[in-house]
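Asks: Below you'll find run-v7.tsv; it's TSV, C-alpha atoms.
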```tsv
chain	number	residue	atom	x	y	z
A	1	LEU	CA	11.00	3.85	-4.04
A	2	LEU	CA	12.13	5.54	-0.87
A	3	ALA	CA	13.35	4.25	2.48
A	4	TYR	CA	10.46	5.86	4.42
A	5	LYS	CA	8.08	3.50	2.65
A	6	GLY	CA	9.26	0.55	4.78
A	7	LEU	CA	10.02	-1.83	1.94
A	8	GLU	CA	12.80	-3.71	3.73
A	9	GLU	CA	10.35	-4.50	6.53
A	10	LEU	CA	7.81	-5.61	3.93
A	11	ILE	CA	10.34	-7.96	2.30
A	12	ASP	CA	11.39	-9.42	5.66
A	13	THR	CA	7.76	-9.85	6.71
A	14	PHE	CA	6.81	-11.48	3.43
A	15	ARG	CA	9.64	-13.97	3.86
A	16	ALA	CA	8.40	-14.73	7.39
A	17	VAL	CA	4.71	-15.22	6.56
A	18	ASP	CA	4.88	-16.63	3.03
A	19	PRO	CA	2.98	-19.91	2.95
A	20	GLY	CA	4.73	-20.90	-0.28
A	21	ASP	CA	2.02	-19.78	-2.70
A	22	ALA	CA	2.16	-15.99	-2.35
A	23	TRP	CA	3.92	-13.46	-4.57
A	24	LEU	CA	5.20	-10.02	-3.65
A	25	MET	CA	5.53	-7.35	-6.32
A	26	ILE	CA	7.25	-4.12	-5.35
A	27	SER	CA	6.77	-1.41	-7.92
A	28	GLY	CA	7.33	2.30	-8.19
A	29	GLY	CA	9.66	5.16	-8.91
A	30	VAL	CA	13.25	4.62	-7.85
A	31	ARG	CA	16.24	6.62	-6.68
A	32	THR	CA	19.38	5.05	-8.12
A	33	GLU	CA	21.24	4.16	-4.92
A	34	TYR	CA	18.15	2.96	-3.09
A	35	GLY	CA	17.03	0.92	-6.10
A	36	GLY	CA	20.36	-0.93	-6.12
A	37	HIS	CA	20.15	-1.48	-2.39
A	38	LEU	CA	16.60	-2.81	-2.67
A	39	SER	CA	17.51	-5.14	-5.54
A	40	ALA	CA	20.34	-6.62	-3.47
A	41	TYR	CA	18.02	-6.87	-0.46
A	42	VAL	CA	15.46	-8.87	-2.47
A	43	GLY	CA	18.24	-11.11	-3.76
A	44	GLU	CA	17.22	-14.21	-5.67
A	45	HIS	CA	13.85	-14.86	-4.00
A	46	PRO	CA	11.77	-16.69	-6.64
A	47	ARG	CA	8.45	-14.96	-5.80
A	48	ILE	CA	9.51	-11.40	-5.05
A	49	ILE	CA	9.37	-9.20	-8.14
A	50	LEU	CA	10.94	-5.75	-8.13
A	51	ARG	CA	9.65	-3.45	-10.91
A	52	THR	CA	11.07	0.04	-10.87
A	53	PHE	CA	10.48	3.03	-13.11
A	54	GLU	CA	12.03	6.46	-13.45
A	55	TYR	CA	8.42	7.54	-13.15
A	56	ALA	CA	5.29	5.42	-12.84
A	57	PRO	CA	3.76	5.34	-16.33
A	58	GLY	CA	-0.02	4.98	-16.31
A	59	GLU	CA	-0.29	1.71	-18.23
A	60	ALA	CA	2.41	-0.04	-16.20
A	61	PHE	CA	0.85	1.13	-12.95
A	62	VAL	CA	-2.55	-0.20	-14.02
A	63	ARG	CA	-0.98	-3.59	-14.82
A	64	VAL	CA	0.53	-3.70	-11.31
A	65	LEU	CA	-2.84	-2.91	-9.73
A	66	GLU	CA	-4.59	-5.46	-11.93
A	67	ALA	CA	-2.09	-8.17	-10.96
A	68	SER	CA	-2.58	-7.48	-7.25
A	69	ASP	CA	-5.07	-8.96	-4.82
A	70	VAL	CA	-3.98	-6.67	-1.97
A	71	ILE	CA	-1.87	-3.51	-1.82
A	72	VAL	CA	0.55	-3.25	1.12
A	73	LEU	CA	1.84	0.20	2.04
A	74	PRO	CA	4.08	-0.31	5.08
A	75	PHE	CA	4.98	3.34	5.59
A	76	ARG	CA	7.34	4.30	8.40
A	77	ALA	CA	6.16	7.91	8.08
A	78	SER	CA	3.15	9.29	6.27
A	79	THR	CA	0.39	11.80	6.68
A	80	THR	CA	-1.63	10.85	3.59
A	81	SER	CA	-1.10	8.64	0.57
A	82	GLY	CA	-1.91	9.02	-3.10
A	83	SER	CA	-0.92	5.36	-3.51
A	84	LEU	CA	-3.65	4.38	-1.06
A	85	VAL	CA	-6.23	6.46	-2.91
A	86	GLN	CA	-5.22	4.81	-6.19
A	87	ALA	CA	-5.34	1.32	-4.68
A	88	LEU	CA	-8.79	1.90	-3.20
A	89	SER	CA	-10.00	3.41	-6.47
A	90	TRP	CA	-8.97	0.37	-8.49
A	91	PRO	CA	-10.45	-1.17	-6.08
A	92	ARG	CA	-8.00	-3.21	-4.07
A	93	PRO	CA	-7.98	-3.90	-0.32
A	94	ALA	CA	-5.00	-2.41	1.46
A	95	ILE	CA	-2.78	-3.06	4.44
A	96	VAL	CA	-1.61	0.25	5.92
A	97	PRO	CA	-0.36	1.54	9.26
A	98	ALA	CA	-2.84	3.54	11.31
A	99	MET	CA	-0.92	6.83	11.14
A	100	GLY	CA	-1.60	10.33	9.93
A	101	CYS	CA	-4.74	10.59	7.85
A	102	LEU	CA	-4.50	7.04	6.50
A	103	PRO	CA	-7.28	5.67	8.76
A	104	ALA	CA	-9.61	8.41	7.51
A	105	GLN	CA	-8.86	7.53	3.89
A	106	MET	CA	-9.89	3.89	4.24
A	107	ARG	CA	-12.93	2.16	5.69
A	108	PRO	CA	-11.92	-0.47	8.27
A	109	ASP	CA	-13.44	-3.26	6.14
A	110	ALA	CA	-11.44	-2.19	3.05
A	111	GLY	CA	-8.34	-4.00	4.29
A	112	ILE	CA	-6.35	-3.92	7.49
A	113	LEU	CA	-5.09	-0.99	9.51
A	114	TYR	CA	-2.30	-1.98	11.88
A	115	SER	CA	-0.48	-0.17	14.64
A	116	ALA	CA	2.77	1.29	13.36
A	117	ASP	CA	4.10	1.10	16.93
A	118	ASP	CA	3.56	-2.67	17.14
A	119	PRO	CA	6.75	-4.46	16.00
A	120	HIS	CA	4.57	-7.39	14.83
A	121	GLY	CA	1.74	-5.28	13.41
A	122	LEU	CA	2.63	-5.72	9.74
A	123	GLU	CA	3.22	-9.44	10.18
A	124	GLU	CA	-0.13	-9.94	11.90
A	125	ALA	CA	-1.89	-7.88	9.21
A	126	MET	CA	-0.29	-9.91	6.43
A	127	ARG	CA	-1.40	-13.13	8.10
A	128	ARG	CA	-4.95	-11.84	8.71
A	129	ILE	CA	-5.46	-10.55	5.17
A	130	ARG	CA	-5.55	-14.14	3.89
A	131	GLN	CA	-8.69	-14.71	5.99
A	132	ILE	CA	-10.81	-11.82	4.69
A	133	ASP	CA	-13.41	-11.95	1.94
A	134	LEU	CA	-11.60	-10.18	-0.91
A	135	GLY	CA	-14.85	-9.43	-2.75
A	136	ALA	CA	-16.33	-7.66	0.26
A	137	ALA	CA	-13.05	-5.85	0.90
A	138	ARG	CA	-12.94	-4.68	-2.73
A	139	ALA	CA	-16.47	-3.31	-2.40
A	140	ALA	CA	-15.46	-1.50	0.79
A	141	ALA	CA	-12.33	-0.17	-0.95
A	142	TRP	CA	-14.51	1.26	-3.71
A	143	GLN	CA	-16.77	2.85	-1.11
A	144	SER	CA	-13.71	4.35	0.57
A	145	ALA	CA	-12.56	5.83	-2.71
A	146	THR	CA	-15.91	7.22	-3.80
A	147	SER	CA	-17.47	8.42	-0.55
A	148	ALA	CA	-15.58	11.69	-0.24
A	149	ASP	CA	-17.80	14.75	-0.20
A	150	TRP	CA	-15.52	17.12	-2.08
A	151	VAL	CA	-17.66	20.17	-1.37
A	152	GLU	CA	-17.39	19.47	2.38
A	153	ILE	CA	-13.66	18.81	2.07
A	154	ALA	CA	-13.21	22.15	0.27
A	155	ARG	CA	-15.23	23.93	2.96
A	156	GLN	CA	-13.11	22.41	5.76
A	157	HIS	CA	-9.92	23.27	3.87
A	158	LEU	CA	-11.02	26.87	3.46
A	159	GLU	CA	-11.91	27.08	7.16
A	160	ALA	CA	-8.47	25.78	8.10
A	161	TYR	CA	-6.80	28.49	6.02
A	162	ARG	CA	-9.01	31.17	7.56
A	163	ALA	CA	-8.23	30.05	11.12
```
Show this structure as structure tokens.
Replies:
Amino acid sequence: LLAYKGLEELIDTFRAVDPGDAWLMISGGVRTEYGGHLSAYVGEHPRIILRTFEYAPGEAFVRVLEASDVIVLPFRASTTSGSLVQALSWPRPAIVPAMGCLPAQMRPDAGILYSADDPHGLEEAMRRIRQIDLGAARAAAWQSATSADWVEIARQHLEAYRA
């Protein structure tokens, strides 16, 4: 878990929008100092779970995805995200900032893209996600994950290197 992932903002936003029946699970690889900081930041909140690993073992990661209704990736900086690809492949709707290539990785109906420049963007997205049809969003997430034309992607990649 790294600071650029925006987890403190996620924790603060969850506390602000939590209707009393939601849970937040934060899971991933951890750097020692940041992991301690994040644990202290979460504190004793009864519905925020912090699960850290030295590395993300496959079975544990699958259990996290399976336990989730929505994946929130509140990046402060990102160009692309393997975590988003994995979430969409499971399939789970996602909340992500509209930055870098993230909008191209996810269909608009597969979750919520929010403006990273909007100081209330994450909060509004977390409120809106409770209104969407999760079944339809899961179907759109799957479409996002499986619609890539890898031959075309390889061709474009090769062209970029030749340019």
Asks: When distances are computed from only C-alpha atoms, which of A:Arg76, A:Arg51, A:Arg63, A:Arg155 shows the smallest separation from A:Val30?
Replies: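 Selected residue with least distance to A:Val30: A:Arg51.
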Asks: Go through A:Ile48, A:Ile95, A:Ala87, A:Met25 and flag the residue nearest A:Leu65, using all atoms listed in the file for the distances.
Replies: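 Ranked by minimum distance to A:Leu65, first place goes to A:Ala87.
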Asks: Name all residues at most 9 Å from A:Glu123 (count all atoms listed in the file; drop same-chain ones fewer than 3 positions away) and give them as a list in words.
Replies: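 Near neighbours after the sequence-gap exclusion: Leu10, Thr13, Phe14, Ala16, Val17, Pro119, His120, Met126, Arg127 and Arg128 of chain A.
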Asks: Pick out the closest residue to A:Asp133 from this set: A:Glu152, A:Ser115, A:Val70, A:Arg107. Count only C-alpha atoms.
Replies: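 Selected residue with least distance to A:Asp133: A:Val70.
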Asks: Quick one: residues within 9 Å of stretch 134-136 of chain A, all atoms listed in the file, excluding same-chain residues fewer than 2 positions away - as a ChimeraX atom specification?
Replies: /A:69-70,92-93,109-111,129-132,138-141
Asks: Just to confirm, what's the straight-line distance from atom CA of A:Leu122 to atom CA of A:Gly36 in Å (one decimal)?
Replies: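 One can read the atom CA of A:Leu122 to atom CA of A:Gly36 distance as 24.3 Å.
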Asks: Which residue out of A:Ala67, A:Ile153, A:Leu73, A:Ala148 has the minimum interatomic distance to A:Leu102 when all atoms listed in the file are used?
Replies: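 Using all atoms listed in the file, A:Leu102 sits closest to A:Leu73.
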Asks: Give me, please, the distance in Å between atom CA of A:Gln86 and atom CA of A:Ile112, quoted to one decimal.
Replies: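 Here the two named atoms are 16.3 Å from each other.
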Asks: Output, as AutoDock Vina command-line options, the centre and edge lengths in Å (one decimal) of the axis-aligned box that contains all listed atoms of stretch 9-26 of chain A with 3 Å of margin on each side.
Replies:
```
--center_x 6.7 --center_y -12.5 --center_z 0.5 --size_x 15.4 --size_y 22.8 --size_z 19.7
```
Asks: Taking into account only C-alpha atoms, which residue in the set A:Gly43, A:Gly35, A:Gly121, A:Gly100 is nearest to A:Ser81?
Replies: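 Closest to A:Ser81 of all the choices is A:Gly100.
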Asks: So the first atom is atom CA of A:His157 and the second is atom CA of A:Val96; what is the distance between them in Å, to one decimal place?
Replies: 24.6 Å
